[in-house]
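File shown: protein-v1.csv. Contents: CSV, C-alpha atoms.
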```csv
chain,number,residue,atom,x,y,z
A,24,MET,CA,-4.4,5.9,17.3
A,25,LEU,CA,-1.5,4.8,15.1
A,26,ASN,CA,-2.6,6.5,12.0
A,27,LYS,CA,-3.3,10.3,12.1
A,28,PHE,CA,-4.6,11.4,8.8
A,29,ASP,CA,-6.0,14.6,7.3
A,30,ILE,CA,-7.4,15.8,4.0
A,31,GLN,CA,-7.0,19.4,2.7
A,32,ILE,CA,-8.8,20.6,-0.4
A,33,ARG,CA,-7.7,23.6,-2.5
A,34,GLU,CA,-10.4,24.6,-5.0
A,35,ALA,CA,-9.7,26.8,-8.0
A,36,ARG,CA,-12.0,27.9,-10.8
A,37,GLU,CA,-11.6,24.8,-13.0
A,38,HIS,CA,-9.8,22.3,-10.8
A,39,ALA,CA,-9.2,21.1,-7.3
A,40,VAL,CA,-6.2,19.8,-5.4
A,41,ILE,CA,-6.8,17.2,-2.7
A,42,GLU,CA,-3.9,16.8,-0.4
A,43,THR,CA,-3.8,13.8,1.9
A,44,THR,CA,-1.7,13.3,5.1
A,45,GLY,CA,-1.1,10.0,6.8
A,46,TYR,CA,-1.3,6.3,5.9
A,47,LEU,CA,-3.6,5.8,2.9
A,48,ASN,CA,-5.6,2.8,4.0
A,49,ASP,CA,-9.4,2.0,4.0
A,50,ALA,CA,-10.2,4.7,6.6
A,51,LEU,CA,-8.3,7.6,4.9
A,52,GLY,CA,-9.3,6.2,1.5
A,53,GLU,CA,-13.0,6.3,2.3
A,54,GLN,CA,-12.7,10.0,3.4
A,55,LEU,CA,-10.7,10.8,0.3
A,56,SER,CA,-13.3,9.0,-1.9
A,57,GLU,CA,-16.1,11.0,-0.2
A,58,LYS,CA,-14.4,14.3,-0.8
A,59,ALA,CA,-13.6,13.4,-4.4
A,60,GLN,CA,-17.1,12.3,-5.1
A,61,GLU,CA,-18.5,15.6,-3.7
A,62,LEU,CA,-16.2,17.6,-6.0
A,63,ILE,CA,-17.1,15.4,-9.0
A,64,GLN,CA,-20.8,15.6,-8.3
A,65,GLY,CA,-20.4,19.4,-8.0
A,66,GLY,CA,-19.0,19.5,-11.5
A,67,CYS,CA,-15.3,19.7,-10.7
A,68,VAL,CA,-13.8,16.9,-12.9
A,69,GLN,CA,-10.2,18.2,-13.1
A,70,LEU,CA,-8.5,16.8,-10.0
A,71,VAL,CA,-5.0,16.6,-8.6
A,72,ILE,CA,-4.2,14.3,-5.6
A,73,ASN,CA,-1.1,15.4,-3.8
A,74,LEU,CA,0.4,12.5,-1.9
A,75,GLU,CA,3.6,14.3,-0.7
A,76,LYS,CA,2.5,13.9,2.9
A,77,THR,CA,1.3,10.4,2.5
A,78,THR,CA,4.1,8.1,3.5
A,79,LEU,CA,2.4,4.7,2.9
A,80,ILE,CA,-0.4,3.6,0.6
A,81,ASN,CA,-1.7,0.0,1.0
A,82,SER,CA,-3.5,-2.0,-1.7
A,83,ILE,CA,-7.0,-1.0,-0.3
A,84,GLY,CA,-6.0,2.7,-0.6
A,85,ILE,CA,-4.9,2.0,-4.2
A,86,SER,CA,-8.3,0.4,-4.9
A,87,ILE,CA,-10.0,3.5,-3.7
A,88,LEU,CA,-7.8,5.7,-6.0
A,89,ILE,CA,-8.9,3.4,-8.9
A,90,GLU,CA,-12.5,4.1,-8.0
A,91,ILE,CA,-11.9,7.8,-8.2
A,92,ILE,CA,-10.2,7.4,-11.6
A,93,GLU,CA,-13.2,5.4,-12.9
A,94,ALA,CA,-15.7,8.0,-11.5
A,95,LEU,CA,-13.8,10.8,-13.3
A,96,GLU,CA,-13.6,8.8,-16.5
A,97,GLU,CA,-17.4,8.5,-16.5
A,98,ARG,CA,-17.5,12.3,-16.4
A,99,GLU,CA,-14.7,12.7,-18.9
A,100,GLY,CA,-12.5,14.2,-16.2
A,101,THR,CA,-8.8,14.1,-15.5
A,102,LEU,CA,-6.8,13.0,-12.5
A,103,ASN,CA,-3.2,13.7,-11.9
A,104,PHE,CA,-1.1,12.6,-9.0
A,105,CYS,CA,1.9,14.3,-7.5
A,106,GLY,CA,4.3,14.0,-4.6
A,107,LEU,CA,4.8,10.2,-4.9
A,108,SER,CA,7.8,8.5,-3.5
A,109,PRO,CA,9.8,6.2,-5.9
A,110,THR,CA,8.2,3.1,-4.4
A,111,GLN,CA,4.7,4.6,-4.7
A,112,GLU,CA,5.3,5.5,-8.3
A,113,ARG,CA,6.6,2.0,-9.0
A,114,THR,CA,3.5,0.5,-7.4
A,115,PHE,CA,1.2,2.8,-9.4
A,116,ARG,CA,2.9,1.8,-12.6
A,117,MET,CA,2.7,-1.9,-11.7
A,118,MET,CA,-1.0,-1.6,-11.0
A,119,ALA,CA,-1.7,0.2,-14.3
A,120,ILE,CA,-2.8,3.4,-12.5
A,121,ALA,CA,-0.2,5.3,-14.5
A,122,LYS,CA,-2.0,4.4,-17.8
A,123,TYR,CA,-5.2,6.2,-16.7
A,124,ALA,CA,-3.9,9.1,-14.5
A,125,GLY,CA,-0.9,11.4,-14.8
A,126,ILE,CA,2.0,11.2,-12.4
A,127,PHE,CA,4.0,14.4,-11.8
A,128,PRO,CA,6.7,15.4,-9.4
A,129,ASP,CA,5.0,18.4,-7.9
A,130,GLU,CA,1.7,20.1,-7.6
A,131,GLU,CA,2.5,22.9,-10.0
A,132,SER,CA,3.2,20.5,-12.9
A,133,ALA,CA,0.3,18.3,-12.0
A,134,VAL,CA,-2.1,21.3,-12.2
A,135,ALA,CA,-0.5,22.6,-15.3
A,136,ASN,CA,-1.1,19.3,-17.1
A,137,LEU,CA,-4.7,18.9,-16.3
B,16,MET,CA,28.7,-9.4,19.2
B,17,SER,CA,26.8,-11.1,16.4
B,18,ASP,CA,25.7,-8.8,13.5
B,19,GLU,CA,22.5,-10.8,13.4
B,20,HIS,CA,19.4,-9.5,15.2
B,21,LYS,CA,16.2,-11.4,15.7
B,22,VAL,CA,13.0,-9.8,16.7
B,23,LEU,CA,9.6,-11.5,17.4
B,24,LEU,CA,6.4,-9.6,17.4
B,25,THR,CA,2.8,-10.6,17.7
B,26,ILE,CA,0.1,-8.2,16.7
B,27,PRO,CA,-3.7,-8.5,17.1
B,28,MET,CA,-5.8,-8.3,13.9
B,29,TYR,CA,-7.0,-4.7,14.7
B,30,PRO,CA,-7.2,-1.9,12.2
B,31,ASP,CA,-3.8,-0.2,11.7
B,32,MET,CA,-1.8,-2.7,13.8
B,33,GLU,CA,0.1,-3.6,10.6
B,34,LEU,CA,1.8,-0.2,11.1
B,35,ALA,CA,3.4,-1.5,14.3
B,36,ALA,CA,4.9,-4.4,12.3
B,37,ALA,CA,6.0,-2.1,9.5
B,38,LYS,CA,7.6,0.3,11.9
B,39,THR,CA,9.6,-2.6,13.5
B,40,GLY,CA,10.8,-3.6,10.1
B,41,SER,CA,11.8,-0.1,9.2
B,42,VAL,CA,13.8,0.4,12.4
B,43,LEU,CA,15.7,-2.9,11.8
B,44,ALA,CA,16.4,-2.0,8.1
B,45,GLU,CA,17.5,1.5,9.1
B,46,LEU,CA,19.8,0.0,11.8
B,47,LYS,CA,21.6,-1.8,9.0
B,48,ASP,CA,21.7,1.2,6.7
B,49,PHE,CA,19.2,0.0,4.1
B,50,ASN,CA,18.4,2.9,1.8
B,51,GLU,CA,15.2,4.9,2.1
B,52,GLU,CA,13.5,3.2,-0.9
B,53,ALA,CA,14.3,-0.3,0.5
B,54,VAL,CA,12.9,0.7,3.9
B,55,GLU,CA,9.6,1.8,2.3
B,56,GLU,CA,9.4,-1.3,0.2
B,57,ILE,CA,9.9,-3.5,3.3
B,58,GLN,CA,7.2,-1.6,5.1
B,59,LEU,CA,4.8,-2.0,2.3
B,60,ALA,CA,5.4,-5.8,2.0
B,61,ILE,CA,4.9,-6.2,5.7
B,62,ILE,CA,1.7,-4.1,5.6
B,63,GLU,CA,0.2,-6.1,2.6
B,64,THR,CA,1.1,-9.5,4.2
B,65,CYS,CA,-0.5,-8.5,7.6
B,66,ILE,CA,-3.6,-7.2,5.8
B,67,ASN,CA,-3.9,-10.4,3.9
B,68,ALA,CA,-3.7,-12.4,7.1
B,69,SER,CA,-6.3,-10.2,8.8
B,70,GLU,CA,-8.7,-10.3,5.9
B,71,HIS,CA,-8.5,-13.9,4.7
B,72,SER,CA,-7.1,-16.2,7.4
B,73,GLN,CA,-10.3,-16.5,9.5
B,74,SER,CA,-7.9,-17.2,12.4
B,75,GLU,CA,-9.6,-17.9,15.7
B,76,ASP,CA,-6.9,-16.3,17.8
B,77,LYS,CA,-6.9,-13.2,15.6
B,78,GLU,CA,-3.2,-12.7,15.9
B,79,VAL,CA,-0.4,-12.3,13.4
B,80,HIS,CA,3.1,-13.5,14.4
B,81,ILE,CA,6.1,-11.8,12.8
B,82,GLN,CA,9.7,-12.9,13.0
B,83,PHE,CA,12.4,-10.4,11.8
B,84,LEU,CA,15.9,-11.6,11.1
B,85,VAL,CA,18.3,-8.9,10.0
B,86,THR,CA,22.0,-9.2,9.1
B,87,ASP,CA,24.4,-6.8,7.6
B,88,ASP,CA,23.2,-7.5,4.1
B,89,GLN,CA,19.6,-8.6,4.3
B,90,LEU,CA,16.3,-8.6,6.2
B,91,GLN,CA,14.2,-11.7,6.4
B,92,VAL,CA,10.6,-11.4,7.5
B,93,LYS,CA,8.4,-14.4,8.3
B,94,ILE,CA,4.7,-13.6,8.9
B,95,THR,CA,2.4,-16.4,10.2
B,96,ASP,CA,-1.3,-16.7,11.0
B,97,ARG,CA,-3.1,-19.7,12.5
B,98,GLY,CA,-6.0,-19.5,10.1
B,99,VAL,CA,-7.6,-21.8,7.6
B,100,GLY,CA,-4.9,-21.5,4.9
B,101,ILE,CA,-5.1,-20.0,1.5
B,102,THR,CA,-6.2,-21.4,-1.8
B,103,ALA,CA,-4.6,-21.2,-5.3
B,104,ASP,CA,-7.2,-18.7,-6.5
B,105,THR,CA,-6.4,-16.5,-3.5
B,106,LEU,CA,-2.7,-16.7,-4.3
B,107,ASP,CA,-3.1,-15.6,-7.9
B,108,GLY,CA,-5.6,-12.9,-6.9
B,109,THR,CA,-8.5,-14.2,-9.0
B,110,ARG,CA,-10.8,-14.9,-6.0
B,111,LEU,CA,-10.8,-11.3,-5.2
B,112,LEU,CA,-11.4,-9.8,-8.6
B,113,GLY,CA,-15.0,-8.6,-7.8
B,114,THR,CA,-17.0,-6.6,-10.3
B,115,PRO,CA,-14.9,-5.6,-13.3
B,116,GLY,CA,-14.4,-1.9,-13.7
B,117,ILE,CA,-14.0,0.2,-16.8
B,118,HIS,CA,-10.5,-1.1,-17.5
B,119,PRO,CA,-9.8,-4.8,-16.9
B,120,ASP,CA,-6.1,-4.0,-16.1
B,121,LEU,CA,-7.2,-1.7,-13.3
B,122,ARG,CA,-8.0,-4.5,-10.8
B,123,LYS,CA,-9.2,-3.2,-7.5
B,124,ARG,CA,-8.5,-6.2,-5.3
B,125,GLY,CA,-6.2,-9.1,-4.9
B,126,ARG,CA,-3.0,-7.2,-5.8
B,127,GLY,CA,-1.3,-7.4,-2.4
B,128,LEU,CA,0.8,-10.5,-3.2
B,129,GLN,CA,1.8,-9.1,-6.6
B,130,ILE,CA,3.1,-6.0,-4.8
B,131,ILE,CA,5.1,-8.1,-2.3
B,132,LYS,CA,6.6,-10.2,-5.0
B,133,ALA,CA,7.6,-7.1,-7.0
B,134,LEU,CA,9.2,-5.3,-4.1
B,135,MET,CA,11.0,-8.2,-2.3
B,136,ASP,CA,14.0,-10.3,-3.6
B,137,GLU,CA,12.6,-13.6,-2.4
B,138,VAL,CA,9.1,-14.6,-1.4
B,139,MET,CA,7.9,-18.0,-0.1
B,140,ILE,CA,4.4,-19.0,0.9
B,141,GLU,CA,3.6,-22.1,3.0
B,142,SER,CA,0.0,-22.8,3.6
B,143,SER,CA,-2.0,-25.6,5.2
B,144,PRO,CA,-5.4,-25.9,6.9
B,145,ASN,CA,-3.6,-24.9,10.1
B,146,GLY,CA,-2.3,-21.5,8.9
B,147,THR,CA,-0.2,-19.6,6.5
B,148,THR,CA,3.4,-18.4,6.6
B,149,VAL,CA,4.6,-15.8,4.1
B,150,SER,CA,8.4,-15.3,4.2
B,151,PHE,CA,10.3,-12.7,2.3
B,152,THR,CA,13.8,-11.3,2.0
B,153,LYS,CA,15.0,-7.9,1.1
B,154,LYS,CA,18.7,-7.7,0.3
B,155,LYS,CA,20.7,-4.6,0.9
B,156,THR,CA,22.0,-3.0,-2.2
B,157,SER,CA,24.9,-0.6,-2.5
B,158,GLU,CA,23.9,2.9,-3.6
```

If you convert what's in this file into structure tokens, what do you get?
Amino acid sequence: MLNKFDIQIREAREHAVIETTGYLNDALGEQLSEKAQELIQGGCVQLVINLEKTTLINSIGISILIEIIEALEEREGTLNFCGLSPTQERTFRMMAIAKYAGIFPDEESAVANL
Amino acid sequence: MSDEHKVLLTIPMYPDMELAAAKTGSVLAELKDFNEEAVEEIQLAIIETCINASEHSQSEDKEVHIQFLVTDDQLQVKITDRGVGITADTLDGTRLLGTPGIHPDLRKRGRGLQIIKALMDEVMIESSPNGTTVSFTKKKTSE
């Protein structure tokens, strides 16, 4: 298998951090979406997605991130990203994701700004 | 010895095979000391083009043919499928818009070509009912 991926979740009292590892494509994206939906349905609507260990994100992965943004907006939640490479950040800005979700250099600042 | 290297690669349209093409592109770019950001941009452009070929070409042989040509100052990539060709609405992404979400500017699909054009220095698309070739060039910049 070319793409080894993993998802770790760190839950705190009022927020959760989802950390992805691997190539964010449809397969990892679906798992990420499932985990995010579980958290949102459970009432956790302050989320950070840490992409530091995610080396590549394709446009299908980005479309799944957009679905998470929309799901959180429906619940008046907040999503912040951290750990993006310069290319990932540029792509997120180009695709308007940065208008609806925060982008921070590290997990600490992403959590602090929820 | 020439400073030009040509690599030909054919990948099947299987999930994640675009990573093999992206890896080849990154090795060639690193060989010529492209910076880390350029290497990532090249990988992403290759991935998006291969995904487009897999998703939309309807190619019977289910193969994507990739030609890499790297020199000291640029990497050219030519990605070809033998599918049915692409239409103008596919090119501008409007065919793939799908159901509008909460924000019209947060378009979920049809953004691959926009990404490729933004990240590469030159992009050319040739399409006919016998297939499509997407060619792009990334120039090496001095840091």

Expected residue set, 12 Å radius at (0.8, 19.8, -14.7), only C-alpha atoms, as a list in words: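 Within the cut-off we find His38, Val40, Gln69, Leu70, Val71, Ile72, Asn73, Thr101, Leu102, Asn103, Phe104, Cys105, Ala124, Gly125, Ile126, Phe127, Pro128, Asp129, Glu130, Glu131, Ser132, Ala133, Val134, Ala135, Asn136 and Leu137 of chain A.
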
Atomic separation - atom CA of Tyr29 of chain B relative to atom CA of Ser69 of chain B, Å: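 If I compute the distance from atom CA of Ser69 of chain B to atom CA of Tyr29 of chain B, I get 8.1 Å.
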
Best match for closeness to Leu34 of chain B among A:Ala59, A:Leu74, A:Ile120, A:Ile80, counting all atoms listed in the file: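 Residue with the minimum atom-to-atom distance to Leu34 of chain B: A:Ile80.
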
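The smallest atom-to-atom distance between chain B and any of A:Gly84, A:Gly52, A:Gly100, A:Gly65, using all atoms listed in the file, is found for A:Gly84.
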
Polymer residues at most 9 Å from (-12.8, 23.9, -16.0) by all atoms listed in the file, as a VMD selection string: chain A and resid 36 to 38 66 to 69

Proximity of chain A to chain B: per-residue shortest pair, 10 Å limit, only C-alpha atoms, as a tab-separated table:
```
residue	atom	partner	partner_atom	distance
A:Met24	CA	B:Asp31	CA	8.3
A:Leu25	CA	B:Asp31	CA	6.5
A:Asn26	CA	B:Asp31	CA	6.8
A:Tyr46	CA	B:Leu34	CA	8.9
A:Asn48	CA	B:Asp31	CA	8.5
A:Asp49	CA	B:Pro30	CA	9.3
A:Ala50	CA	B:Pro30	CA	9.2
A:Thr78	CA	B:Glu55	CA	8.4
A:Leu79	CA	B:Leu59	CA	7.1
A:Ile80	CA	B:Leu59	CA	7.8
A:Asn81	CA	B:Glu63	CA	6.6
A:Ser82	CA	B:Gly127	CA	5.9
A:Ile83	CA	B:Arg124	CA	7.4
A:Gly84	CA	B:Lys123	CA	9.6
A:Ile85	CA	B:Lys123	CA	7.5
A:Ser86	CA	B:Lys123	CA	4.5
A:Ile87	CA	B:Lys123	CA	7.7
A:Leu88	CA	B:Lys123	CA	9.1
A:Ile89	CA	B:Lys123	CA	6.8
A:Glu90	CA	B:Lys123	CA	8.0
A:Ile92	CA	B:Ile117	CA	9.7
A:Glu93	CA	B:Ile117	CA	6.5
A:Ala94	CA	B:Ile117	CA	9.6
A:Glu96	CA	B:Ile117	CA	8.6
A:Glu97	CA	B:Ile117	CA	9.0
A:Ser108	CA	B:Glu52	CA	8.2
A:Pro109	CA	B:Glu52	CA	6.9
A:Thr110	CA	B:Glu52	CA	6.4
A:Gln111	CA	B:Glu55	CA	9.0
A:Arg113	CA	B:Leu134	CA	9.2
A:Thr114	CA	B:Ile130	CA	7.0
A:Met117	CA	B:Ile130	CA	8.0
A:Met118	CA	B:Leu121	CA	6.6
A:Ala119	CA	B:Leu121	CA	5.9
A:Ile120	CA	B:Leu121	CA	6.8
A:Ala121	CA	B:Leu121	CA	10.0
A:Lys122	CA	B:Leu121	CA	9.2
A:Tyr123	CA	B:Leu121	CA	8.8
```

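Of note, atom CA of Val138 of chain B and atom CA of Gly106 of chain A are spaced 29.2 Å apart.
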
Atomic separation - atom CA of Leu43 of chain B relative to atom CA of Met139 of chain B, Å: 20.7 Å

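In terms of minimum interatomic distance to Gln54 of chain A, A:Ile30 ranks closest within A:Ala39, A:Ile30, A:Leu95, A:Leu107, counting all atoms listed in the file.
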
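You can rank A:Asp29, A:Glu99, A:Glu112, A:Glu34 by their closest distance to Leu55 of chain A using all atoms listed in the file, and at the top of that list sits A:Asp29.
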
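In terms of minimum interatomic distance to Pro144 of chain B, B:Ser72 ranks closest within B:Lys93, B:Lys77, B:Ser72, B:Met28, counting all atoms listed in the file.
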